[in-house]
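S.K.: File my_file-v6.json follows (JSON, C-alpha atoms):
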[["chain", "number", "residue", "atom", "x", "y", "z"],
["A", 1, "GLN", "CA", -12.47, 7.28, 1.87],
["A", 2, "LEU", "CA", -9.33, 5.40, 2.83],
["A", 3, "GLN", "CA", -8.12, 5.20, 6.42],
["A", 4, "ALA", "CA", -4.56, 4.00, 6.99],
["A", 5, "SER", "CA", -3.34, 2.86, 10.39],
["A", 6, "GLY", "CA", -0.79, 0.69, 12.12],
["A", 7, "GLY", "CA", 2.34, 2.80, 11.90],
["A", 8, "GLY", "CA", 4.67, 3.31, 14.80],
["A", 9, "LEU", "CA", 8.21, 3.08, 16.10],
["A", 10, "VAL", "CA", 10.02, -0.23, 15.74],
["A", 11, "GLN", "CA", 13.60, -1.39, 15.99],
["A", 12, "ALA", "CA", 15.49, -2.60, 12.95],
["A", 13, "GLY", "CA", 14.65, -6.24, 12.26],
["A", 14, "GLY", "CA", 11.18, -5.86, 13.71],
["A", 15, "SER", "CA", 7.75, -6.10, 12.10],
["A", 16, "LEU", "CA", 4.65, -3.98, 11.67],
["A", 17, "ARG", "CA", 1.33, -4.51, 9.93],
["A", 18, "LEU", "CA", -0.39, -1.58, 8.29],
["A", 19, "SER", "CA", -4.10, -1.51, 7.53],
["A", 20, "CYS", "CA", -6.08, 0.47, 4.98],
["A", 21, "LYS", "CA", -9.83, 0.52, 5.50],
["A", 22, "VAL", "CA", -11.93, 1.50, 2.48],
["A", 23, "SER", "CA", -15.35, 3.02, 3.10],
["A", 24, "GLY", "CA", -17.91, 5.42, 1.69],
["A", 25, "ARG", "CA", -18.24, 3.83, -1.73],
["A", 26, "THR", "CA", -20.99, 1.62, -3.14],
["A", 27, "PHE", "CA", -18.42, -1.00, -4.09],
["A", 28, "SER", "CA", -15.47, -0.39, -1.83],
["A", 29, "MET", "CA", -12.99, -2.51, -3.76],
["A", 30, "PRO", "CA", -14.46, -3.51, -7.16],
["A", 31, "SER", "CA", -13.08, -6.50, -9.00],
["A", 32, "MET", "CA", -11.10, -4.31, -11.42],
["A", 33, "SER", "CA", -9.59, -2.14, -8.71],
["A", 34, "THR", "CA", -5.96, -1.81, -7.74],
["A", 35, "ILE", "CA", -5.02, -1.08, -4.16],
["A", 36, "ALA", "CA", -1.47, -0.11, -3.35],
["A", 37, "TRP", "CA", 0.92, 1.11, -0.72],
["A", 38, "PHE", "CA", 3.36, 3.91, -1.35],
["A", 39, "ARG", "CA", 5.74, 5.62, 1.02],
["A", 40, "GLN", "CA", 7.33, 9.02, 1.24],
["A", 41, "ALA", "CA", 10.40, 9.89, 3.23],
["A", 42, "PRO", "CA", 11.26, 13.53, 4.00],
["A", 43, "GLY", "CA", 12.56, 15.32, 0.95],
["A", 44, "LYS", "CA", 11.86, 12.39, -1.37],
["A", 45, "ASP", "CA", 9.23, 11.50, -3.92],
["A", 46, "ARG", "CA", 6.42, 9.11, -3.14],
["A", 47, "GLU", "CA", 7.79, 5.60, -3.75],
["A", 48, "PHE", "CA", 5.88, 2.52, -4.85],
["A", 49, "VAL", "CA", 5.91, -0.24, -2.24],
["A", 50, "ALA", "CA", 3.34, -2.86, -3.23],
["A", 51, "ALA", "CA", 0.05, -3.33, -5.04],
["A", 52, "ILE", "CA", -2.67, -5.85, -5.67],
["A", 53, "PHE", "CA", -3.78, -5.44, -9.26],
["A", 54, "ARG", "CA", -7.39, -6.33, -10.04],
["A", 55, "ARG", "CA", -7.85, -8.16, -6.76],
["A", 56, "THR", "CA", -5.46, -10.93, -7.78],
["A", 57, "TYR", "CA", -1.91, -10.06, -8.82],
["A", 58, "GLU", "CA", 0.71, -8.85, -6.34],
["A", 59, "TYR", "CA", 3.58, -6.54, -7.25],
["A", 60, "TYR", "CA", 6.38, -5.17, -5.08],
["A", 61, "GLY", "CA", 9.02, -2.52, -5.19],
["A", 62, "ASP", "CA", 12.54, -3.88, -5.46],
["A", 63, "SER", "CA", 13.55, -2.54, -2.06],
["A", 64, "VAL", "CA", 10.85, -4.48, -0.19],
["A", 65, "LYS", "CA", 10.65, -7.74, -2.10],
["A", 66, "GLY", "CA", 10.90, -10.72, 0.20],
["A", 67, "ARG", "CA", 10.26, -8.60, 3.29],
["A", 68, "PHE", "CA", 6.82, -7.05, 2.76],
["A", 69, "THR", "CA", 3.55, -8.75, 1.87],
["A", 70, "ILE", "CA", 0.41, -7.04, 0.65],
["A", 71, "SER", "CA", -3.00, -8.61, 1.13],
["A", 72, "ARG", "CA", -6.65, -7.65, 1.06],
["A", 73, "ASP", "CA", -9.77, -8.82, 2.83],
["A", 74, "ASN", "CA", -12.64, -8.07, 0.48],
["A", 75, "ALA", "CA", -15.27, -8.87, 3.10],
["A", 76, "GLN", "CA", -13.73, -6.31, 5.44],
["A", 77, "ASN", "CA", -12.91, -3.84, 2.65],
["A", 78, "THR", "CA", -9.42, -3.63, 4.07],
["A", 79, "ALA", "CA", -5.93, -3.97, 2.64],
["A", 80, "TYR", "CA", -2.88, -4.82, 4.69],
["A", 81, "LEU", "CA", 0.86, -4.46, 4.42],
["A", 82, "GLN", "CA", 2.84, -6.88, 6.53],
["A", 83, "MET", "CA", 6.35, -5.52, 6.95],
["A", 84, "ASN", "CA", 9.08, -7.81, 8.26],
["A", 85, "SER", "CA", 12.82, -7.39, 8.69],
["A", 86, "LEU", "CA", 12.39, -3.65, 8.81],
["A", 87, "LYS", "CA", 15.37, -1.41, 8.11],
["A", 88, "PRO", "CA", 16.02, 2.21, 9.03],
["A", 89, "GLU", "CA", 15.65, 3.10, 5.35],
["A", 90, "ASP", "CA", 12.03, 1.93, 5.52],
["A", 91, "THR", "CA", 11.27, 4.97, 7.66],
["A", 92, "ALA", "CA", 8.60, 7.02, 5.89],
["A", 93, "VAL", "CA", 4.97, 7.99, 5.86],
["A", 94, "TYR", "CA", 3.06, 5.13, 4.27],
["A", 95, "TYR", "CA", 0.01, 5.85, 2.14],
["A", 96, "CYS", "CA", -2.59, 3.55, 0.65],
["A", 97, "GLY", "CA", -4.03, 4.34, -2.73],
["A", 98, "LEU", "CA", -6.98, 2.94, -4.67],
["A", 99, "ASP", "CA", -8.05, 3.17, -8.25],
["A", 100, "ASP", "CA", -10.77, 1.42, -10.21],
["A", 101, "ARG", "CA", -9.37, 1.59, -13.75],
["A", 102, "LEU", "CA", -5.59, 1.29, -13.74],
["A", 103, "ILE", "CA", -3.76, -0.68, -16.35],
["A", 104, "LEU", "CA", -0.79, -2.77, -15.27],
["A", 105, "SER", "CA", 1.83, -0.38, -16.61],
["A", 106, "SER", "CA", 0.51, 2.41, -14.35],
["A", 107, "ILE", "CA", 0.32, 0.73, -10.96],
["A", 108, "ARG", "CA", 3.72, 2.03, -9.82],
["A", 109, "GLN", "CA", 2.84, 5.66, -10.58],
["A", 110, "ALA", "CA", 1.40, 7.50, -7.60],
["A", 111, "GLY", "CA", -0.20, 10.14, -9.82],
["A", 112, "GLN", "CA", -2.48, 7.55, -11.41],
["A", 113, "TYR", "CA", -4.43, 6.76, -8.23],
["A", 114, "ASP", "CA", -7.73, 8.55, -7.60],
["A", 115, "TYR", "CA", -8.14, 7.83, -3.89],
["A", 116, "TRP", "CA", -5.64, 8.17, -1.06],
["A", 117, "GLY", "CA", -5.55, 7.61, 2.67],
["A", 118, "GLN", "CA", -4.08, 10.15, 5.04],
["A", 119, "GLY", "CA", -0.81, 8.30, 5.69],
["A", 120, "THR", "CA", 0.65, 6.56, 8.69],
["A", 121, "LEU", "CA", 4.17, 7.13, 9.95],
["A", 122, "VAL", "CA", 6.61, 4.24, 10.25],
["A", 123, "THR", "CA", 9.87, 4.91, 12.05],
["A", 124, "VAL", "CA", 12.57, 2.24, 12.18],
["A", 125, "SER", "CA", 15.38, 2.83, 14.64],
["A", 126, "SER", "CA", 18.84, 1.35, 14.18]]
Starting from the file, give its structure as structure tokens.
M.R.:
Amino acid sequence: QLQASGGGLVQAGGSLRLSCKVSGRTFSMPSMSTIAWFRQAPGKDREFVAAIFRRTYEYYGDSVKGRFTISRDNAQNTAYLQMNSLKPEDTAVYYCGLDDRLILSSIRQAGQYDYWGQGTLVTVSS
């Protein structure tokens, strides 16, 4: 089970930190797992935001590079998304996803993830 939180309303240029708590599994975030953030704006497909591949390697979508940072706390079984310099176009529902077996070429594909959180809404006002 993944529980996402931390969304809210923020002005453009502001910051938010999202959290994704993983629970209910014997090994919540195994060493080979990939945890990721995606977002979905109304009427649009789910978009890749960021991922940590196999607990080590960070990848970002082009639209958030340099502004967002993904991290994970293995002891707390929690992943985070620090979002800075927010823009109105960042407005979306943000979802965290987890998978234990992804290969690198698949991490940007939402359909490849087995586990999802319920989403948390981020609204950026101009």
S.K.: Excluding Phe53 of chain A and its own-chain neighbours fewer than 5 positions away, which residues fall within 7 Å of it when counting all atoms listed in the file? Please give them as a list of chain:residue names.
M.R.: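 Here the qualifying residues turn out to be A:Ser33, A:Thr34, A:Ile35, A:Glu58.
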S.K.: Which is closer to Ser19 of chain A than all the others in A:Arg108, A:Arg39, A:Arg101, A:Arg72, using only C-alpha atoms?
M.R.: A:Arg72
S.K.: For Gly111 of chain A, find every residue with an atom within 12 Å (counting all atoms listed in the file), except residues of its own chain fewer than 5 positions away, and show them as a list in words.
M.R.: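 Final neighbour list, sorted by chain and number: Phe38, Asp45, Arg46, Glu47, Phe48, Gly97, Leu98, Asp99, Leu102, Ser106 and Trp116 of chain A.
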S.K.: Counting only C-alpha atoms, what is within 10 Å of Thr91 of chain A, bar same-chain residues fewer than 4 positions away, as a PyMOL selection string?
M.R.: chain A and resi 8-10+39-42+86-87+121-125
S.K.: May I ask for the distance between atom CA of Gln76 of chain A and atom CA of Lys21 of chain A, given in Å to one decimal place?
M.R.: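 The value is 7.9 Å.
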S.K.: Mind checking which residues fall within 12 Å of Gly7 of chain A, counting all atoms listed in the file, ignoring those fewer than 4 positions away in the same chain, and posting them as a PyMOL selection string?
M.R.: chain A and resi 15-20+39+80-83+90-95+118-124
S.K.: Let me make sure I understand: among A:Ser126, A:Ser85, A:Ser105, A:Thr56, which one has the smallest atom-to-atom distance to Gln11 of chain A if we use all atoms listed in the file?
M.R.: A:Ser126
